[in-house]
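Here's run.txt, which has compact mmCIF, C-alpha atoms:
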# COMPACT_ATOMS: atom_id res chain seq x y z
CA MET A 12 84.60 42.21 3.29
CA ASN A 13 86.22 39.88 5.83
CA GLY A 14 89.79 38.91 4.99
CA SER A 15 90.58 42.12 3.11
CA VAL A 16 93.11 44.84 3.90
CA ARG A 17 93.29 48.45 2.80
CA VAL A 18 95.97 49.03 0.16
CA GLY A 19 95.23 52.60 -0.95
CA GLN A 20 92.37 54.57 -2.42
CA VAL A 21 90.70 55.27 -5.77
CA VAL A 22 88.60 58.35 -6.62
CA GLY A 23 88.86 59.32 -2.96
CA VAL A 24 87.44 56.10 -1.46
CA PRO A 25 89.35 53.29 0.29
CA LEU A 26 90.68 50.48 -1.91
CA ARG A 27 90.79 47.08 -0.23
CA MET A 28 92.29 43.79 -1.38
CA HIS A 29 91.06 40.35 -0.35
CA TRP A 30 93.57 37.60 0.46
CA SER A 31 92.28 35.68 -2.59
CA VAL A 32 93.61 38.28 -5.07
CA PRO A 33 97.25 37.05 -5.10
CA LEU A 34 95.92 33.52 -5.60
CA LEU A 35 93.79 34.71 -8.51
CA VAL A 36 96.75 36.54 -10.09
CA GLY A 37 98.86 33.42 -9.71
CA LEU A 38 96.23 31.24 -11.38
CA PHE A 39 95.87 33.63 -14.32
CA ALA A 40 99.63 34.01 -14.70
CA TYR A 41 100.12 30.23 -14.62
CA GLY A 42 97.32 29.58 -17.11
CA LEU A 43 98.56 32.19 -19.56
CA GLY A 44 102.31 31.61 -19.10
CA ARG A 45 102.36 27.81 -18.94
CA GLN A 46 99.37 26.87 -21.11
CA GLY A 47 98.20 29.72 -23.33
CA LEU A 48 101.37 31.38 -24.61
CA PRO A 49 103.31 28.15 -25.34
CA VAL A 50 100.43 26.98 -27.57
CA TRP A 51 99.85 30.31 -29.36
CA THR A 52 103.52 31.38 -29.64
CA PRO A 53 105.71 28.24 -29.55
CA GLY A 54 109.49 28.32 -29.46
CA ARG A 55 110.05 31.01 -26.80
CA SER A 56 111.92 30.56 -23.55
CA ASP A 57 110.26 29.80 -20.22
CA ALA A 58 111.34 33.22 -18.94
CA VAL A 59 109.48 34.97 -21.77
CA TYR A 60 106.35 32.96 -21.08
CA ALA A 61 106.60 33.68 -17.34
CA VAL A 62 106.97 37.44 -17.88
CA GLY A 63 104.10 37.42 -20.38
CA GLY A 64 101.87 35.49 -17.98
CA VAL A 65 102.56 37.81 -15.05
CA ALA A 66 102.09 40.90 -17.23
CA GLY A 67 98.78 39.62 -18.57
CA ALA A 68 97.50 38.73 -15.09
CA ALA A 69 98.53 42.14 -13.71
CA LEU A 70 96.84 43.95 -16.62
CA LEU A 71 93.66 41.93 -16.06
CA MET A 72 93.57 42.89 -12.37
CA GLY A 73 94.10 46.49 -13.43
CA SER A 74 91.10 46.11 -15.74
CA LEU A 75 88.99 44.76 -12.87
CA LEU A 76 90.05 47.74 -10.78
CA LEU A 77 88.99 50.15 -13.55
CA HIS A 78 85.64 48.32 -13.76
CA GLU A 79 84.98 48.92 -10.06
CA THR A 80 86.41 52.43 -10.18
CA ALA A 81 83.85 53.28 -12.86
CA HIS A 82 81.06 52.18 -10.50
CA ALA A 83 82.51 54.24 -7.64
CA ALA A 84 83.14 57.36 -9.75
CA THR A 85 79.65 57.27 -11.27
CA ALA A 86 78.08 56.80 -7.84
CA LEU A 87 79.96 59.80 -6.46
CA ARG A 88 78.86 61.92 -9.42
CA LYS A 89 75.27 60.91 -8.65
CA LYS A 90 75.72 62.00 -5.00
CA ILE A 91 75.68 58.40 -3.72
CA SER A 92 77.95 57.63 -0.78
CA VAL A 93 80.67 55.02 -1.44
CA GLN A 94 82.18 53.09 1.49
CA ASP A 95 85.00 51.27 -0.32
CA VAL A 96 86.12 49.27 -3.36
CA THR A 97 87.32 45.70 -2.78
CA LEU A 98 89.09 43.35 -5.19
CA TRP A 99 88.60 39.63 -4.56
CA ALA A 100 88.44 36.22 -6.25
CA LEU A 101 85.30 36.95 -8.28
CA GLY A 102 86.54 40.30 -9.51
CA GLY A 103 85.48 43.15 -7.29
CA THR A 104 82.73 44.82 -5.36
CA THR A 105 81.87 48.45 -4.61
CA ARG A 106 79.97 49.15 -1.42
CA MET A 107 77.74 52.19 -1.70
CA GLY A 108 74.50 53.69 -0.51
CA ARG A 109 71.16 53.20 -2.23
CA PRO A 110 70.67 55.31 -5.39
CA PRO A 111 68.13 58.13 -5.01
CA ASN A 112 66.33 57.32 -8.27
CA ALA A 113 66.14 54.81 -11.10
CA ALA A 114 68.25 56.91 -13.47
CA ALA A 115 71.14 57.03 -11.00
CA ALA A 116 70.86 53.29 -10.36
CA PHE A 117 70.97 52.59 -14.10
CA ALA A 118 74.00 54.83 -14.66
CA VAL A 119 75.97 53.20 -11.84
CA ALA A 120 75.09 49.68 -13.00
CA VAL A 121 76.08 50.08 -16.66
CA SER A 122 79.28 52.07 -16.03
CA GLY A 123 81.37 49.03 -15.05
CA PRO A 124 80.46 46.74 -17.98
CA LEU A 125 80.88 49.63 -20.42
CA ILE A 126 84.43 50.22 -19.19
CA SER A 127 85.21 46.48 -19.50
CA LEU A 128 83.84 46.40 -23.06
CA VAL A 129 85.84 49.49 -24.04
CA ILE A 130 89.04 48.06 -22.53
CA GLY A 131 88.35 44.76 -24.27
CA GLY A 132 87.87 46.38 -27.65
CA VAL A 133 90.95 48.59 -27.31
CA ALA A 134 93.19 45.76 -26.06
CA LEU A 135 92.00 43.35 -28.76
CA GLY A 136 92.50 45.96 -31.47
CA ALA A 137 95.94 46.85 -30.11
CA GLY A 138 96.97 43.20 -30.05
CA ILE A 139 95.90 42.63 -33.64
CA GLY A 140 97.55 45.87 -34.77
CA LEU A 141 100.79 45.17 -32.92
CA HIS A 142 101.07 41.72 -34.46
CA GLY A 143 100.41 43.04 -37.94
CA LEU A 144 102.85 45.95 -37.71
CA SER A 145 105.76 44.49 -35.74
CA GLY A 146 105.24 40.76 -35.53
CA TRP A 147 105.81 40.83 -31.75
CA ALA A 148 103.94 37.64 -31.07
CA VAL A 149 104.04 37.40 -27.27
CA PRO A 150 102.97 41.01 -26.47
CA SER A 151 100.26 40.89 -29.14
CA VAL A 152 98.89 37.59 -27.79
CA VAL A 153 98.88 38.97 -24.23
CA LEU A 154 96.92 42.03 -25.40
CA ALA A 155 94.50 39.88 -27.39
CA TRP A 156 93.98 37.61 -24.36
CA LEU A 157 93.38 40.68 -22.19
CA GLY A 158 90.88 41.99 -24.76
CA TRP A 159 88.87 38.76 -24.92
CA ALA A 160 88.93 38.46 -21.11
CA ASN A 161 87.49 41.97 -20.71
CA LEU A 162 84.87 41.41 -23.41
CA PHE A 163 83.79 38.24 -21.59
CA LEU A 164 83.78 40.11 -18.27
CA GLY A 165 81.62 42.89 -19.69
CA VAL A 166 79.11 40.52 -21.31
CA PHE A 167 78.95 38.16 -18.31
CA ASN A 168 78.32 41.06 -15.93
CA LEU A 169 75.35 42.11 -18.06
CA LEU A 170 73.52 38.85 -17.32
CA PRO A 171 70.16 39.74 -15.68
CA ALA A 172 71.07 38.32 -12.29
CA VAL A 173 71.56 40.22 -9.03
CA PRO A 174 74.26 40.89 -7.83
CA LEU A 175 75.73 41.11 -11.36
CA ASP A 176 75.54 44.51 -13.04
CA GLY A 177 72.89 43.22 -15.44
CA GLY A 178 70.69 42.45 -12.45
CA ARG A 179 71.16 46.03 -11.25
CA VAL A 180 70.12 47.24 -14.70
CA VAL A 181 66.96 45.14 -14.44
CA GLN A 182 66.28 46.64 -11.00
CA ALA A 183 66.67 50.16 -12.35
CA VAL A 184 64.41 49.55 -15.36
CA LEU A 185 61.69 47.91 -13.25
CA TRP A 186 61.95 50.72 -10.71
CA TRP A 187 61.52 53.27 -13.51
CA ARG A 188 58.58 51.39 -15.04
CA THR A 189 56.69 50.67 -11.81
CA GLY A 190 57.82 53.51 -9.56
CA ASP A 191 58.16 50.92 -6.76
CA ARG A 192 61.76 50.32 -5.66
CA GLU A 193 61.00 47.38 -3.35
CA ARG A 194 58.89 45.63 -5.98
CA ALA A 195 61.71 46.04 -8.49
CA ASP A 196 64.26 44.71 -5.98
CA LEU A 197 62.10 41.65 -5.26
CA ALA A 198 61.66 40.84 -8.95
CA ALA A 199 65.36 41.31 -9.78
CA SER A 200 66.55 39.25 -6.81
CA ARG A 201 64.15 36.44 -7.76
CA GLY A 202 65.66 36.49 -11.23
CA GLY A 203 69.12 36.31 -9.67
CA GLN A 204 68.18 33.20 -7.72
CA ILE A 205 66.90 31.53 -10.90
CA MET A 206 70.01 32.49 -12.87
CA GLY A 207 72.25 31.23 -10.08
CA LEU A 208 70.42 27.89 -10.05
CA LEU A 209 70.85 27.57 -13.82
CA LEU A 210 74.59 28.27 -13.52
CA VAL A 211 74.95 25.64 -10.79
CA ALA A 212 73.16 23.10 -12.98
CA ALA A 213 75.28 23.99 -16.02
CA GLY A 214 78.46 23.73 -13.96
CA TRP A 215 77.61 20.28 -12.62
CA ILE A 216 76.76 19.06 -16.11
CA SER A 217 80.19 20.26 -17.27
CA VAL A 218 81.88 18.45 -14.38
CA LEU A 219 80.01 15.23 -15.14
CA ARG A 220 81.15 15.51 -18.74
CA GLY A 221 84.77 15.66 -17.62
CA ALA A 222 85.38 19.42 -17.49
CA PRO A 223 86.79 20.34 -14.02
CA GLY A 224 86.37 24.03 -14.87
CA GLY A 225 82.66 23.52 -14.32
CA LEU A 226 83.32 23.72 -10.56
CA TRP A 227 84.13 27.41 -11.01
CA ILE A 228 80.72 27.91 -12.66
CA VAL A 229 79.08 26.05 -9.76
CA PHE A 230 80.85 28.35 -7.30
CA ILE A 231 79.74 31.47 -9.16
CA GLY A 232 76.16 30.17 -9.34
CA LEU A 233 76.08 29.45 -5.61
CA PHE A 234 77.44 32.91 -4.87
CA ILE A 235 74.75 34.53 -7.02
CA MET A 236 72.02 32.44 -5.37
CA ILE A 237 73.19 33.37 -1.86
CA VAL A 238 73.52 37.10 -2.53
CA ALA A 239 70.26 37.25 -4.51
CA GLY A 240 68.47 35.45 -1.67
CA ALA A 241 69.84 37.94 0.86
CA GLU A 242 68.76 40.87 -1.30
CA ARG A 243 65.30 39.37 -1.69
CA ARG A 244 64.93 39.15 2.10
CA ARG A 245 66.18 42.72 2.46
CA ALA A 246 63.71 43.95 -0.17
CA ALA A 247 60.85 42.19 1.62
CA LEU A 248 61.94 43.79 4.89
CA HIS A 249 62.10 47.25 3.31
CA ARG A 250 58.64 46.77 1.85
CA ALA A 251 57.20 45.77 5.23
CA LEU A 252 58.81 48.75 6.98
CA ARG A 253 58.09 51.32 4.27
CA GLY A 254 57.21 54.75 5.69
CA LEU A 255 58.11 53.92 9.30
CA ARG A 256 60.48 56.13 11.27
CA VAL A 257 63.46 55.16 13.40
CA GLY A 258 61.71 56.50 16.50
CA GLU A 259 58.94 53.94 16.07
CA ALA A 260 61.39 51.06 16.31
CA MET A 261 63.93 52.27 18.86
CA THR A 262 64.21 51.18 22.46
CA GLY A 263 65.00 53.73 25.13
CA PRO A 264 66.38 54.74 27.54
CA VAL A 265 69.65 53.01 26.73
CA ALA A 266 72.08 51.39 29.16
CA THR A 267 75.41 53.17 28.68
CA GLY A 268 78.88 53.51 30.19
CA ALA A 269 81.42 56.30 30.54
CA ASP A 270 84.19 56.15 27.96
CA TRP A 271 86.80 57.76 30.23
CA LEU A 272 86.76 54.88 32.74
CA THR A 273 89.66 52.47 32.78
CA VAL A 274 88.90 49.01 31.46
CA GLN A 275 89.04 47.55 34.99
CA ARG A 276 86.67 50.14 36.46
CA PHE A 277 84.31 49.69 33.51
CA ILE A 278 84.25 45.93 34.10
CA ASP A 279 83.69 46.32 37.85
CA GLU A 280 81.15 49.16 37.75
CA VAL A 281 79.31 48.62 34.47
CA ALA A 282 79.95 45.36 32.63
CA VAL A 283 79.29 42.91 35.48
CA HIS A 284 75.94 44.58 36.18
CA SER A 285 74.79 44.75 32.56
CA ARG A 286 72.59 42.23 30.78
CA TYR A 287 73.78 43.42 27.37
CA SER A 288 76.79 42.19 25.41
CA VAL A 289 77.35 45.56 23.72
CA LEU A 290 77.13 48.95 25.41
CA PRO A 291 77.14 52.48 23.96
CA LEU A 292 79.70 54.85 25.47
CA LEU A 293 79.26 58.49 26.50
CA ASP A 294 81.98 61.14 26.80
CA PHE A 295 82.40 63.79 29.53
CA GLU A 296 79.65 65.92 27.97
CA GLY A 297 77.19 63.05 27.83
CA ARG A 298 77.45 62.65 24.06
CA PRO A 299 77.81 59.25 22.40
CA SER A 300 81.39 58.37 21.44
CA GLY A 301 81.04 54.75 20.27
CA ILE A 302 80.20 51.24 21.44
CA VAL A 303 82.17 48.56 23.26
CA GLN A 304 81.74 44.80 23.09
CA LEU A 305 82.17 43.14 26.47
CA ARG A 306 84.00 40.24 24.88
CA ARG A 307 86.56 42.76 23.61
CA LEU A 308 87.20 43.85 27.20
CA ALA A 309 87.94 40.26 28.16
CA THR A 310 90.82 40.19 25.66
CA VAL A 311 92.62 43.10 27.32
CA PRO A 312 95.59 41.76 29.36
CA ALA A 313 95.12 42.09 33.11
CA ALA A 314 98.30 44.18 33.38
CA GLY A 315 96.86 46.89 31.13
CA ARG A 316 93.32 47.12 32.46
CA GLU A 317 94.22 49.66 35.19
CA THR A 318 95.64 52.21 32.75
CA LEU A 319 93.87 51.60 29.43
CA ARG A 320 90.70 53.65 28.88
CA VAL A 321 87.66 51.78 27.63
CA ARG A 322 87.30 54.17 24.68
CA GLU A 323 90.67 52.91 23.41
CA VAL A 324 89.25 49.41 22.85
CA ALA A 325 85.82 50.56 21.64
CA THR A 326 84.40 51.03 18.16
CA PRO A 327 84.34 54.82 17.55
CA LEU A 328 81.11 56.57 16.66
CA SER A 329 82.38 57.22 13.12
CA GLN A 330 82.26 53.46 12.47
CA CYS A 331 78.79 52.96 13.98
CA ALA A 332 75.40 53.17 12.29
CA VAL A 333 73.78 56.39 13.51
CA ALA A 334 70.32 57.83 12.75
CA ALA A 335 67.92 60.47 14.01
CA PRO A 336 64.46 59.57 15.37
CA ASP A 337 62.73 61.14 12.35
CA ASP A 338 64.86 59.33 9.75
CA LEU A 339 63.18 56.67 7.63
CA LEU A 340 63.84 53.27 9.16
CA THR A 341 64.61 51.70 5.78
CA GLU A 342 67.33 54.29 5.12
CA ALA A 343 68.80 53.71 8.57
CA LEU A 344 68.92 49.95 7.99
CA ASP A 345 70.96 50.56 4.83
CA LYS A 346 73.75 51.90 7.05
CA LEU A 347 74.23 48.51 8.72
CA SER A 348 77.19 46.38 7.69
CA LEU A 349 79.57 43.81 9.15
CA ARG A 350 81.70 46.71 10.31
CA THR A 351 78.90 48.57 12.13
CA GLY A 352 77.20 45.52 13.61
CA ALA A 353 73.47 44.87 13.76
CA ARG A 354 72.49 47.94 15.80
CA ILE A 355 71.66 51.56 15.12
CA LEU A 356 72.40 54.32 17.62
CA VAL A 357 69.60 56.89 17.65
CA VAL A 358 70.98 60.38 18.27
CA ASP A 359 68.95 63.58 18.64
CA ALA A 360 70.64 66.97 19.07
CA GLY A 361 73.91 65.21 19.84
CA HIS A 362 72.49 63.03 22.61
CA LEU A 363 71.76 59.29 22.59
CA VAL A 364 67.99 58.79 22.90
CA GLY A 365 67.60 55.16 21.84
CA ILE A 366 68.93 52.12 20.03
CA VAL A 367 67.54 49.85 17.30
CA THR A 368 68.50 46.17 17.26
CA GLY A 369 67.32 43.11 15.40
CA LYS A 370 64.87 42.35 18.20
CA ASP A 371 63.35 45.81 17.83
CA ILE A 372 62.84 45.24 14.10
CA SER A 373 61.21 41.85 14.75
CA ARG A 374 58.93 43.39 17.36
CA LEU A 375 57.93 46.19 15.00
CA MET A 376 57.18 43.76 12.17
CA GLN A 377 55.02 41.68 14.49
CA ARG A 378 53.12 44.81 15.46
CA GLU A 379 52.59 45.77 11.83
CA THR A 380 51.44 42.21 11.03
CA LEU A 381 48.83 42.47 13.81
CA GLY A 382 47.45 45.64 12.28
CA GLY A 383 49.31 48.15 14.38
CA LYS A 384 48.75 46.53 17.75
CA GLU A 385 51.74 45.77 19.94
CA SER A 386 52.28 42.05 20.42
CA ALA A 387 52.13 40.67 23.93

Starting from the coordinates I provided, produce the structure as structure tokens.
Amino acid sequence: MNGSVRVGQVVGVPLRMHWSVPLLVGLFAYGLGRQGLPVWTPGRSDAVYAVGGVAGAALLMGSLLLHETAHAATALRKKISVQDVTLWALGGTTRMGRPPNAAAAFAVAVSGPLISLVIGGVALGAGIGLHGLSGWAVPSVVLAWLGWANLFLGVFNLLPAVPLDGGRVVQAVLWWRTGDRERADLAASRGGQIMGLLLVAAGWISVLRGAPGGLWIVFIGLFIMIVAGAERRRAALHRALRGLRVGEAMTGPVATGADWLTVQRFIDEVAVHSRYSVLPLLDFEGRPSGIVQLRRLATVPAAGRETLRVREVATPLSQCAVAAPDDLLTEALDKLSLRTGARILVVDAGHLVGIVTGKDISRLMQRETLGGKESA
């Protein structure tokens, strides 16, 4: 996710934090410390309220992290690749590969809400018990607040709307019932768009009735609508390309450049003669080593272009989307992300044999629409 930085790892996968997380913690701490605790436990000092607010906000973020960690851990147990876990303003997100079957998809989807519900129940029970046994009002209220927040998080995430966990559950159940993954994805994403629209409407009604908090509901609804719409388009694309291989979509031979050249030589000998904005790189043995964006070369200071190698400013192969000619095209497309860019390097026996771009996909879809005949 753009705007996030790596801060560690959980269950062996990178943990990233979006810039909005400190803002979210601050909002929760302020709401609990300046509004909630003074009402529920009057008569304490401002310092006590501040510490209680910060502690509650930190515990809630820890709960969100456990929610996402449950998704990641379950995915790894089901042999699903996990790219990273990111915390941000709406909670968190876990980027992973597509589940191999409906059972795995169901297990991954329900793991997060179940953890939130368990944490909610335990925290709420602990808060009630602590208050009854010791009379420690502030800690017990913080725990009770944490419990209700997690119970709400668990129930809200079970709403049948992609990309919420409940939408993933619907996808898994429909996939199991129909045996058609793309059909299930289309139905679940359509439901997500409807649910998002309902949330937007409910949020605006709240705002018109004088509740500013309705804007947050509007924001969540818009987010759900956007993501559900994107997933619906992806499902339609997967359905259209079902059964096709990467080799049927790739373009080859591919214009390339040597990764051992200095930036200046690469510009003079390769870049100025190329009609492409991104070029794959080959090492001394003729094997692909990554890709370089020509606009990235332009940012290299003139003083360093004579000594800096082009591979030092390129995206390494490990961060590129790579597939073999016989791989399913739909599975190769799942490897694309903002980090990899919208292109797939096609590698066979260690050598670059082609590339798949958005134009190649459009051309292939046009061909399939025309009944298998190549468009003019």

Length of the CA of Asp279 in chain A to CA of Arg306 in chain A vector [Å]:
14.3 Å

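Atom pair CA of Ala118 in chain A / CA of Leu35 in chain A: separated by 28.9 Å.
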
Using all atoms listed in the file, tabulate the residues of range 63-143 of chain A lying at most 12 Å from any atom of range 225-238 of chain A, each with its closest atom pair and that distance in Å to one decimal, by chain and increasing residue number, as CSV.
residue,atom,partner,partner_atom,distance
A:Ala100,CA,A:Ile231,CA,10.3
A:Leu101,CA,A:Ile231,CA,7.9
A:Gly102,CA,A:Ile231,CA,11.2

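Separating CA of Ser122 in chain A from CA of Val153 in chain A is a distance of 25.0 Å.
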
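Among the candidate residues A:Val133, A:Ala246, A:Ala325, A:Val274, the one lying nearest to Ser74 in chain A is A:Val133, with distances computed using only C-alpha atoms.
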
Do a neighbour search on Ala247 in chain A at 9 Å with only C-alpha atoms, toss out local chain neighbours closer than 5 positions, and write the hits as a PyMOL selection string.
chain A and resi 193-194+196-197+242+252

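Here the residues that fall within 7 Å of (78.0, 53.7, 1.0), using all atoms listed in the file, are given as Ser92, Val93, Gln94, Arg106, Met107 and Gly108 of chain A.
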
Filtering to C-alpha atoms, could you give me those residues as a PDB file, in the coordinates of the input?
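This went into again.pdb:
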ATOM      1  CA  SER A  92      77.950  57.630  -0.780  1.00  0.00           C
ATOM      2  CA  VAL A  93      80.670  55.020  -1.440  1.00  0.00           C
ATOM      3  CA  GLN A  94      82.180  53.090   1.490  1.00  0.00           C
ATOM      4  CA  ARG A 106      79.970  49.150  -1.420  1.00  0.00           C
ATOM      5  CA  MET A 107      77.740  52.190  -1.700  1.00  0.00           C
ATOM      6  CA  GLY A 108      74.500  53.690  -0.510  1.00  0.00           C
TER       7      GLY A 108
END

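Nearest-residue note for Leu305 in chain A: choosing from A:Pro327, A:Gly361, A:Gly221, A:Gly268, the minimum distance belongs to A:Gly268, counting all atoms listed in the file.
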
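Proximity of A:Val96, A:Ala313, A:Leu363, A:Ser329 to Leu292 in chain A, computed with all atoms listed in the file, is greatest for A:Leu363.
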